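**Student:** File coords23.txt follows (compact mmCIF, N, CA and C atoms and all ligand atoms):
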# COMPACT_ATOMS: atom_id res chain seq x y z
N MET D 1 9.79 -7.89 10.57
CA MET D 1 8.74 -8.61 9.82
C MET D 1 9.06 -8.61 8.33
N ALA D 2 8.54 -9.60 7.68
CA ALA D 2 8.78 -9.75 6.23
C ALA D 2 7.74 -8.98 5.42
N HIS D 3 8.05 -8.73 4.14
CA HIS D 3 7.06 -8.08 3.26
C HIS D 3 5.91 -9.02 2.98
N ILE D 4 6.25 -10.28 2.73
CA ILE D 4 5.18 -11.22 2.43
C ILE D 4 5.27 -12.44 3.34
N ARG D 5 4.19 -13.16 3.39
CA ARG D 5 4.09 -14.33 4.25
C ARG D 5 3.30 -15.38 3.48
N ILE D 6 3.85 -16.59 3.43
CA ILE D 6 3.15 -17.68 2.75
C ILE D 6 2.58 -18.60 3.83
N ILE D 7 1.29 -18.80 3.78
CA ILE D 7 0.61 -19.59 4.82
C ILE D 7 1.00 -21.07 4.74
N THR D 8 1.34 -21.64 5.91
CA THR D 8 1.67 -23.06 6.00
C THR D 8 0.66 -23.72 6.94
N GLU D 9 0.78 -25.02 7.13
CA GLU D 9 -0.17 -25.69 8.03
C GLU D 9 -0.03 -25.20 9.47
N ASN D 10 1.11 -24.57 9.79
CA ASN D 10 1.32 -24.09 11.16
C ASN D 10 0.59 -22.79 11.48
N ASP D 11 0.25 -22.02 10.47
CA ASP D 11 -0.40 -20.73 10.76
C ASP D 11 -1.67 -20.54 9.93
N GLN D 12 -2.30 -21.67 9.58
CA GLN D 12 -3.52 -21.62 8.78
C GLN D 12 -4.74 -21.13 9.55
N ASN D 13 -4.77 -21.45 10.84
CA ASN D 13 -6.01 -21.22 11.61
C ASN D 13 -6.01 -19.92 12.40
N GLY D 14 -7.21 -19.50 12.77
CA GLY D 14 -7.35 -18.39 13.71
C GLY D 14 -7.29 -17.01 13.09
N TRP D 15 -7.64 -16.87 11.81
CA TRP D 15 -7.60 -15.56 11.16
C TRP D 15 -8.93 -14.84 11.27
N LYS D 16 -8.86 -13.55 11.36
CA LYS D 16 -10.07 -12.72 11.42
C LYS D 16 -9.93 -11.51 10.53
N ASN D 17 -11.06 -11.13 10.01
CA ASN D 17 -11.17 -9.94 9.19
C ASN D 17 -11.08 -8.71 10.09
N ASN D 18 -10.23 -7.75 9.79
CA ASN D 18 -10.17 -6.53 10.61
C ASN D 18 -11.24 -5.52 10.23
N VAL D 19 -11.79 -5.65 9.05
CA VAL D 19 -12.83 -4.71 8.62
C VAL D 19 -14.02 -5.49 8.06
N PRO D 20 -14.73 -6.23 8.96
CA PRO D 20 -15.86 -7.04 8.50
C PRO D 20 -17.08 -6.20 8.18
N ASN D 21 -18.07 -6.85 7.63
CA ASN D 21 -19.36 -6.21 7.37
C ASN D 21 -19.26 -5.00 6.48
N GLY D 22 -18.37 -5.07 5.51
CA GLY D 22 -18.30 -4.00 4.52
C GLY D 22 -17.75 -2.69 5.05
N ALA D 23 -17.14 -2.72 6.27
CA ALA D 23 -16.54 -1.50 6.81
C ALA D 23 -15.45 -1.02 5.87
N THR D 24 -15.20 0.26 5.87
CA THR D 24 -14.22 0.78 4.91
C THR D 24 -12.81 0.32 5.26
N ASN D 25 -12.09 -0.01 4.22
CA ASN D 25 -10.77 -0.59 4.32
C ASN D 25 -9.70 0.48 4.12
N GLY D 26 -10.10 1.68 3.77
CA GLY D 26 -9.15 2.75 3.48
C GLY D 26 -8.33 2.42 2.25
N ASN D 27 -7.22 3.09 2.09
CA ASN D 27 -6.34 2.85 0.95
C ASN D 27 -4.90 2.86 1.43
N CYS D 28 -4.04 2.15 0.71
CA CYS D 28 -2.61 2.27 0.98
C CYS D 28 -2.19 3.66 0.50
N PRO D 29 -1.53 4.46 1.34
CA PRO D 29 -1.15 5.82 0.94
C PRO D 29 -0.15 5.85 -0.22
N ILE D 30 0.52 4.76 -0.47
CA ILE D 30 1.51 4.73 -1.55
C ILE D 30 0.96 4.03 -2.79
N CYS D 31 0.34 2.89 -2.61
CA CYS D 31 -0.13 2.11 -3.76
C CYS D 31 -1.54 2.51 -4.21
N VAL D 32 -2.20 3.35 -3.45
CA VAL D 32 -3.59 3.75 -3.64
C VAL D 32 -4.55 2.65 -3.19
N SER D 33 -4.63 1.53 -3.89
CA SER D 33 -5.57 0.52 -3.40
C SER D 33 -4.81 -0.62 -2.72
N TRP D 34 -5.50 -1.32 -1.82
CA TRP D 34 -4.89 -2.48 -1.16
C TRP D 34 -4.73 -3.63 -2.15
N GLU D 35 -5.56 -3.65 -3.20
CA GLU D 35 -5.37 -4.67 -4.25
C GLU D 35 -4.01 -4.47 -4.91
N ASP D 36 -3.70 -3.21 -5.25
CA ASP D 36 -2.42 -2.92 -5.90
C ASP D 36 -1.25 -3.20 -4.94
N HIS D 37 -1.47 -2.87 -3.67
CA HIS D 37 -0.46 -3.14 -2.64
C HIS D 37 -0.16 -4.64 -2.63
N TRP D 38 -1.20 -5.45 -2.63
CA TRP D 38 -1.03 -6.91 -2.62
C TRP D 38 -0.31 -7.38 -3.89
N LYS D 39 -0.78 -6.90 -5.04
CA LYS D 39 -0.23 -7.35 -6.33
C LYS D 39 1.25 -6.99 -6.47
N LYS D 40 1.64 -5.83 -5.94
CA LYS D 40 3.02 -5.37 -6.05
C LYS D 40 3.99 -6.39 -5.45
N PHE D 41 3.60 -7.01 -4.35
CA PHE D 41 4.49 -7.95 -3.66
C PHE D 41 4.22 -9.39 -4.03
N ALA D 42 2.96 -9.73 -4.28
CA ALA D 42 2.64 -11.11 -4.65
C ALA D 42 3.03 -11.36 -6.10
N LYS D 43 3.16 -10.28 -6.87
CA LYS D 43 3.56 -10.34 -8.28
C LYS D 43 2.64 -11.21 -9.12
N CYS D 44 1.33 -11.08 -8.86
CA CYS D 44 0.36 -11.76 -9.71
C CYS D 44 -0.99 -11.06 -9.53
N GLU D 45 -1.95 -11.46 -10.36
CA GLU D 45 -3.30 -10.93 -10.25
C GLU D 45 -3.98 -11.55 -9.02
N LEU D 46 -5.12 -10.99 -8.59
CA LEU D 46 -5.84 -11.56 -7.46
C LEU D 46 -6.24 -13.00 -7.80
N PRO D 47 -5.94 -13.95 -6.91
CA PRO D 47 -6.27 -15.36 -7.16
C PRO D 47 -7.64 -15.71 -6.60
N GLU D 48 -7.80 -16.96 -6.24
CA GLU D 48 -8.97 -17.43 -5.52
C GLU D 48 -8.96 -16.80 -4.12
N CYS D 49 -10.13 -16.72 -3.51
CA CYS D 49 -10.27 -16.26 -2.12
C CYS D 49 -9.30 -17.01 -1.21
N SER D 50 -8.72 -16.32 -0.22
CA SER D 50 -7.73 -16.95 0.68
C SER D 50 -8.35 -17.87 1.72
N ASN D 51 -9.67 -17.77 1.92
CA ASN D 51 -10.35 -18.65 2.87
C ASN D 51 -10.25 -20.09 2.38
N LYS D 52 -9.75 -20.96 3.27
CA LYS D 52 -9.54 -22.37 2.92
C LYS D 52 -10.82 -23.05 2.41
N ASP D 53 -11.95 -22.65 2.98
CA ASP D 53 -13.21 -23.33 2.64
C ASP D 53 -13.98 -22.65 1.53
N CYS D 54 -13.35 -21.76 0.83
CA CYS D 54 -14.05 -21.00 -0.21
C CYS D 54 -13.22 -21.04 -1.48
N HIS D 55 -13.87 -21.21 -2.61
CA HIS D 55 -13.14 -21.27 -3.87
C HIS D 55 -13.62 -20.22 -4.85
N ASP D 56 -14.26 -19.19 -4.33
CA ASP D 56 -14.72 -18.10 -5.20
C ASP D 56 -13.54 -17.22 -5.59
N LYS D 57 -13.75 -16.46 -6.62
CA LYS D 57 -12.70 -15.55 -7.06
C LYS D 57 -12.58 -14.38 -6.09
N ALA D 58 -11.35 -14.02 -5.74
CA ALA D 58 -11.15 -12.85 -4.88
C ALA D 58 -11.52 -11.59 -5.66
N VAL D 59 -12.19 -10.66 -4.99
CA VAL D 59 -12.58 -9.41 -5.64
C VAL D 59 -11.87 -8.20 -5.03
N LEU D 60 -11.22 -8.42 -3.88
CA LEU D 60 -10.50 -7.31 -3.25
C LEU D 60 -9.45 -7.88 -2.31
N ALA D 61 -8.59 -7.01 -1.82
CA ALA D 61 -7.59 -7.41 -0.83
C ALA D 61 -7.86 -6.58 0.42
N THR D 62 -7.87 -7.27 1.57
CA THR D 62 -8.28 -6.58 2.79
C THR D 62 -7.44 -7.01 3.99
N HIS D 63 -7.65 -6.32 5.11
CA HIS D 63 -6.84 -6.54 6.31
C HIS D 63 -7.29 -7.73 7.14
N LEU D 64 -6.33 -8.60 7.45
CA LEU D 64 -6.59 -9.73 8.35
C LEU D 64 -5.56 -9.70 9.46
N SER D 65 -5.93 -10.28 10.61
CA SER D 65 -4.92 -10.52 11.63
C SER D 65 -5.20 -11.86 12.27
N ARG D 66 -4.19 -12.41 12.91
CA ARG D 66 -4.31 -13.74 13.47
C ARG D 66 -4.24 -13.67 14.98
N GLN D 67 -5.09 -14.45 15.63
CA GLN D 67 -5.13 -14.49 17.08
C GLN D 67 -3.74 -14.75 17.66
N GLY D 68 -3.36 -14.00 18.67
CA GLY D 68 -2.08 -14.24 19.35
C GLY D 68 -0.88 -13.65 18.65
N GLU D 69 -1.10 -12.85 17.61
CA GLU D 69 0.05 -12.26 16.91
C GLU D 69 0.15 -10.75 17.12
N ASN D 70 -0.29 -10.27 18.27
CA ASN D 70 -0.12 -8.87 18.66
C ASN D 70 -0.66 -7.86 17.67
N GLY D 71 -1.74 -8.23 17.01
CA GLY D 71 -2.39 -7.27 16.13
C GLY D 71 -1.67 -6.96 14.83
N GLU D 72 -0.67 -7.76 14.48
CA GLU D 72 -0.01 -7.57 13.18
C GLU D 72 -1.05 -7.73 12.09
N LYS D 73 -1.02 -6.82 11.13
CA LYS D 73 -2.03 -6.86 10.06
C LYS D 73 -1.41 -7.25 8.74
N TRP D 74 -2.16 -8.06 8.03
CA TRP D 74 -1.72 -8.58 6.73
C TRP D 74 -2.83 -8.35 5.71
N ILE D 75 -2.42 -8.15 4.46
CA ILE D 75 -3.38 -7.95 3.38
C ILE D 75 -3.54 -9.27 2.62
N ALA D 76 -4.79 -9.68 2.45
CA ALA D 76 -5.06 -10.94 1.76
C ALA D 76 -6.23 -10.78 0.80
N PRO D 77 -6.23 -11.48 -0.32
CA PRO D 77 -7.35 -11.44 -1.24
C PRO D 77 -8.54 -12.24 -0.70
N LEU D 78 -9.70 -11.64 -0.75
CA LEU D 78 -10.93 -12.32 -0.32
C LEU D 78 -12.03 -12.09 -1.36
N CYS D 79 -13.04 -12.95 -1.29
CA CYS D 79 -14.19 -12.81 -2.20
C CYS D 79 -15.23 -11.89 -1.57
N GLU D 80 -16.25 -11.61 -2.33
CA GLU D 80 -17.35 -10.74 -1.91
C GLU D 80 -17.97 -11.19 -0.58
N ASN D 81 -18.15 -12.50 -0.38
CA ASN D 81 -18.76 -13.00 0.85
C ASN D 81 -17.80 -12.95 2.03
N CYS D 82 -16.60 -13.47 1.83
CA CYS D 82 -15.68 -13.61 2.95
C CYS D 82 -15.20 -12.26 3.48
N LYS D 83 -15.26 -11.23 2.68
CA LYS D 83 -14.84 -9.92 3.18
C LYS D 83 -15.76 -9.43 4.28
N ASN D 84 -16.96 -10.01 4.37
CA ASN D 84 -17.92 -9.61 5.41
C ASN D 84 -17.92 -10.53 6.63
N LYS D 85 -17.11 -11.57 6.61
CA LYS D 85 -17.11 -12.54 7.72
C LYS D 85 -16.70 -11.87 9.03
N THR D 86 -17.39 -12.23 10.11
CA THR D 86 -17.04 -11.68 11.42
C THR D 86 -16.43 -12.75 12.31
N ASP D 87 -16.59 -14.03 11.95
CA ASP D 87 -16.03 -15.11 12.76
C ASP D 87 -14.65 -15.52 12.22
N GLU D 88 -13.97 -16.31 13.02
CA GLU D 88 -12.64 -16.78 12.63
C GLU D 88 -12.72 -17.74 11.46
N PHE D 89 -11.71 -17.72 10.63
CA PHE D 89 -11.65 -18.70 9.55
C PHE D 89 -10.20 -19.11 9.30
N SER D 90 -10.04 -20.15 8.48
CA SER D 90 -8.70 -20.67 8.18
C SER D 90 -8.33 -20.26 6.77
N LEU D 91 -7.04 -20.09 6.56
CA LEU D 91 -6.57 -19.72 5.22
C LEU D 91 -6.02 -20.93 4.50
N ASP D 92 -6.03 -20.84 3.19
CA ASP D 92 -5.48 -21.87 2.32
C ASP D 92 -3.98 -22.01 2.55
N LYS D 93 -3.48 -23.23 2.56
CA LYS D 93 -2.03 -23.43 2.57
C LYS D 93 -1.49 -22.82 1.28
N GLY D 94 -0.44 -22.05 1.38
CA GLY D 94 0.13 -21.43 0.18
C GLY D 94 -0.45 -20.06 -0.12
N ALA D 95 -1.47 -19.65 0.63
CA ALA D 95 -2.02 -18.30 0.41
C ALA D 95 -0.93 -17.27 0.68
N ILE D 96 -0.88 -16.24 -0.15
CA ILE D 96 0.14 -15.20 0.00
C ILE D 96 -0.47 -14.00 0.70
N LEU D 97 0.15 -13.57 1.81
CA LEU D 97 -0.28 -12.37 2.51
C LEU D 97 0.82 -11.33 2.35
N VAL D 98 0.41 -10.07 2.28
CA VAL D 98 1.39 -8.99 2.17
C VAL D 98 1.26 -8.13 3.43
N ASN D 99 2.39 -7.73 4.00
CA ASN D 99 2.40 -6.91 5.20
C ASN D 99 1.59 -5.63 4.98
N ALA D 100 0.70 -5.33 5.91
CA ALA D 100 -0.14 -4.14 5.78
C ALA D 100 0.57 -2.89 6.29
N ASP D 101 1.70 -3.07 6.97
CA ASP D 101 2.45 -1.92 7.49
C ASP D 101 3.30 -1.36 6.35
N ILE D 102 3.00 -0.14 5.92
CA ILE D 102 3.71 0.39 4.74
C ILE D 102 5.20 0.58 5.02
N ASN D 103 5.56 0.74 6.31
CA ASN D 103 6.99 0.87 6.64
C ASN D 103 7.73 -0.45 6.47
N GLU D 104 6.98 -1.53 6.39
CA GLU D 104 7.58 -2.85 6.20
C GLU D 104 7.36 -3.35 4.77
N SER D 105 6.75 -2.53 3.94
CA SER D 105 6.44 -3.03 2.60
C SER D 105 6.70 -1.96 1.55
N CYS D 106 5.67 -1.26 1.07
CA CYS D 106 5.86 -0.38 -0.09
C CYS D 106 6.78 0.81 0.19
N ARG D 107 6.86 1.27 1.42
CA ARG D 107 7.76 2.39 1.72
C ARG D 107 9.22 1.95 1.54
N ILE D 108 9.51 0.71 1.84
CA ILE D 108 10.88 0.20 1.63
C ILE D 108 11.22 0.19 0.15
N LEU D 109 10.26 -0.18 -0.70
CA LEU D 109 10.50 -0.17 -2.15
C LEU D 109 10.77 1.25 -2.63
N GLU D 110 10.04 2.22 -2.09
CA GLU D 110 10.24 3.61 -2.49
C GLU D 110 11.66 4.07 -2.13
N ILE D 111 12.12 3.68 -0.96
CA ILE D 111 13.46 4.08 -0.51
C ILE D 111 14.51 3.47 -1.45
N ILE D 112 14.33 2.20 -1.81
CA ILE D 112 15.27 1.54 -2.70
C ILE D 112 15.31 2.24 -4.05
N LYS D 113 14.11 2.62 -4.53
CA LYS D 113 13.97 3.28 -5.83
C LYS D 113 14.74 4.62 -5.86
N ASP D 114 14.74 5.31 -4.69
CA ASP D 114 15.35 6.63 -4.60
C ASP D 114 16.86 6.59 -4.43
N LEU D 115 17.45 5.44 -4.16
CA LEU D 115 18.89 5.35 -3.90
C LEU D 115 19.69 5.58 -5.19
ZN ZN R 201 1.26 -0.15 -0.56
ZN ZN R 202 -14.38 -16.43 -0.02
I'd like the structure from this file rewritten - as C-alpha cells, please.
Ligand SMILES: [Zn+2]
Ligand SMILES: [Zn+2]
**Tutor:**
Amino acid sequence: MAHIRIITENDQNGWKNNVPNGATNGNCPICVSWEDHWKKFAKCELPECSNKDCHDKAVLATHLSRQGENGEKWIAPLCENCKNKTDEFSLDKGAILVNADINESCRILEIIKDL
C-alpha cells in the first residue's frame, strides 16, 4: 500500500467514518495527532472537508474506510459535522488520504531518518 492516496472518480464513492458520533479517534503513536500524521504526508495545512457535498473547513483528520477494501483505513480531513456521519458518503475528487497504518506511513519515515 502507498503512504498517500489521491481520490479519483473511480474511488470517490462508498466511504464510511470508522469512528462516527464523536467516538474517540485515538492518536498516532509517532505523530501524536492524526492531524499531524495527515499533514506530514499531505505536506499542507488541513483543507476543506473531504466530503464531496460539504465545503466547510476541516477541523480534524480521522479514520475512513471504503466498502469492499478489506477494512484498509485511511486518514482524511473532515469538518465538525461530517466527523459524526454514520452513513456512507462520497469524497471530493483530488482529496488526499494518508495511510492510517503506521507501518505503511510514519514508521517508514522514522526508519529512513535513522539510516
Ligand atoms: Zn503518524
Ligand atoms: Zn464536512
**Student:** I need the residue nearest D:Cys28 from this list: D:Ile102, D:Asp114, D:Ala58, D:Ser65. Use only N, CA and C atoms for the distance.
**Tutor:**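 Closest residue, counting only N, CA and C atoms: D:Ile102.
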**Student:** Using only C-alpha atoms, can you list as an NGL selection string the residues within 9 Å of (-13.4, -23.7, 2.2)?
**Tutor:** :D and (50-55 or 90-92)
**Student:** Name all residues at most 5 Å from D:Gly14 (count all atoms listed in the file; drop same-chain ones fewer than 5 positions away) and give them as a list in words.
**Tutor:**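 Skipping anything fewer than 5 positions along the chain leaves Arg66, Gln67, Phe89 and Ser90 of chain D.
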**Student:** Any chance you could list, as a PyMOL selection string, the residues in chain D that come up alpha helix (DSSP H) when DSSP is run on the backbone?
**Tutor:** chain D and resi 34-42+106-114
**Student:** Which residues are near ligand ZN 202 (chain R) - at most 6 Å, using only C-alpha atoms and all ligand atoms? Format: as a PDB file with N, CA and C atoms, in the coordinates of the input.
**Tutor:**
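Dumped to part_35.pdb:
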ATOM      1  N   CYS D  49     -10.130 -16.720  -3.510  1.00  0.00           N
ATOM      2  CA  CYS D  49     -10.270 -16.260  -2.120  1.00  0.00           C
ATOM      3  C   CYS D  49      -9.300 -17.010  -1.210  1.00  0.00           C
ATOM      4  N   ASN D  51      -9.670 -17.770   1.920  1.00  0.00           N
ATOM      5  CA  ASN D  51     -10.350 -18.650   2.870  1.00  0.00           C
ATOM      6  C   ASN D  51     -10.250 -20.090   2.380  1.00  0.00           C
ATOM      7  N   CYS D  54     -13.350 -21.760   0.830  1.00  0.00           N
ATOM      8  CA  CYS D  54     -14.050 -21.000  -0.210  1.00  0.00           C
ATOM      9  C   CYS D  54     -13.220 -21.040  -1.480  1.00  0.00           C
ATOM     10  N   ASP D  56     -14.260 -19.190  -4.330  1.00  0.00           N
ATOM     11  CA  ASP D  56     -14.720 -18.100  -5.200  1.00  0.00           C
ATOM     12  C   ASP D  56     -13.540 -17.220  -5.590  1.00  0.00           C
ATOM     13  N   LEU D  78      -9.700 -11.640  -0.750  1.00  0.00           N
ATOM     14  CA  LEU D  78     -10.930 -12.320  -0.320  1.00  0.00           C
ATOM     15  C   LEU D  78     -12.030 -12.090  -1.360  1.00  0.00           C
ATOM     16  N   CYS D  79     -13.040 -12.950  -1.290  1.00  0.00           N
ATOM     17  CA  CYS D  79     -14.190 -12.810  -2.200  1.00  0.00           C
ATOM     18  C   CYS D  79     -15.230 -11.890  -1.570  1.00  0.00           C
ATOM     19  N   ASN D  81     -18.150 -12.500  -0.380  1.00  0.00           N
ATOM     20  CA  ASN D  81     -18.760 -13.000   0.850  1.00  0.00           C
ATOM     21  C   ASN D  81     -17.800 -12.950   2.030  1.00  0.00           C
ATOM     22  N   CYS D  82     -16.600 -13.470   1.830  1.00  0.00           N
ATOM     23  CA  CYS D  82     -15.680 -13.610   2.950  1.00  0.00           C
ATOM     24  C   CYS D  82     -15.200 -12.260   3.480  1.00  0.00           C
TER      25      CYS D  82
END
**Student:** How many Å lie between atom CA of D:Pro20 and atom C of D:Glu48, rounded to one decimal?
**Tutor:**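 Spanning atom CA of D:Pro20 to atom C of D:Glu48 is a straight-line distance of 17.4 Å.
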**Student:** Residues within 5 Å of ligand ZN 201 (chain R) (all atoms listed in the file), as a PDB file with N, CA and C atoms, keeping the file's coordinate frame?
**Tutor:**
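What follows is the written file pocket.pdb:
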ATOM      1  N   CYS D  28      -4.040   2.150   0.710  1.00  0.00           N
ATOM      2  CA  CYS D  28      -2.610   2.270   0.980  1.00  0.00           C
ATOM      3  C   CYS D  28      -2.190   3.660   0.500  1.00  0.00           C
ATOM      4  N   ILE D  30       0.520   4.760  -0.470  1.00  0.00           N
ATOM      5  CA  ILE D  30       1.510   4.730  -1.550  1.00  0.00           C
ATOM      6  C   ILE D  30       0.960   4.030  -2.790  1.00  0.00           C
ATOM      7  N   CYS D  31       0.340   2.890  -2.610  1.00  0.00           N
ATOM      8  CA  CYS D  31      -0.130   2.110  -3.760  1.00  0.00           C
ATOM      9  C   CYS D  31      -1.540   2.510  -4.210  1.00  0.00           C
ATOM     10  N   HIS D  37      -1.470  -2.870  -3.670  1.00  0.00           N
ATOM     11  CA  HIS D  37      -0.460  -3.140  -2.640  1.00  0.00           C
ATOM     12  C   HIS D  37      -0.160  -4.640  -2.630  1.00  0.00           C
ATOM     13  N   CYS D 106       5.670  -1.260   1.070  1.00  0.00           N
ATOM     14  CA  CYS D 106       5.860  -0.380  -0.090  1.00  0.00           C
ATOM     15  C   CYS D 106       6.780   0.810   0.190  1.00  0.00           C
TER      16      CYS D 106
END
**Student:** Grab the atom N of D:Leu109 to atom C of D:Ile96 distance for me, in Å with one decimal place.
**Tutor:** 17.6 Å
**Student:** Taking all listed atoms of stretch 24-30 of chain D, build the axis-aligned box, pad each of the six sides by 6 Å, then write its centre and edge lengths in Å to one decimal as AutoDock Vina command-line options.
**Tutor:**
--center_x -6.8 --center_y 2.6 --center_z 1.5 --size_x 28.7 --size_y 18.4 --size_z 20.7
**Student:** Can you tell me how far atom N of D:Pro47 sits from atom CA of D:Pro77, in Å to one decimal?
**Tutor:**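 Computing it gives 6.4 Å between the two atoms.
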**Student:** Counting only N, CA and C atoms, which of D:Ala42, D:Ile111, D:Ile75, D:Ala2 gets nearest to D:His63?
**Tutor:**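 The answer is D:Ile75, which sits nearest to D:His63.
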**Student:** Nearest residue to D:Lys85 out of D:Ser33, D:Thr62, D:Phe41, D:Ile7, using only C-alpha atoms?
**Tutor:**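 With only C-alpha atoms as the atom set, the closest residue is D:Thr62.
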**Student:** When you count only C-alpha atoms, which of these residues is closest to D:Glu9: D:Val59, D:Lys93, D:Lys83, D:Asn99?
**Tutor:**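 Counting only C-alpha atoms, the residue closest to D:Glu9 is D:Lys93.
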**Student:** Quick one: everything within 6.5 Å of D:Glu35, counting only N, CA and C atoms, minus sequence neighbours fewer than 5 positions away in the same chain. Send it as a list in words.
**Tutor:**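 The residues satisfying every condition are Lys40, Leu60, Ala61 and Thr62 of chain D.
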**Student:** Using all atoms listed in the file, find the one residue out of D:Lys57, D:Asn18, D:Ile108, D:Leu97 that sits nearest to D:Ala76.
**Tutor:**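 Answer, going by the shortest atom-to-atom distance: D:Leu97.
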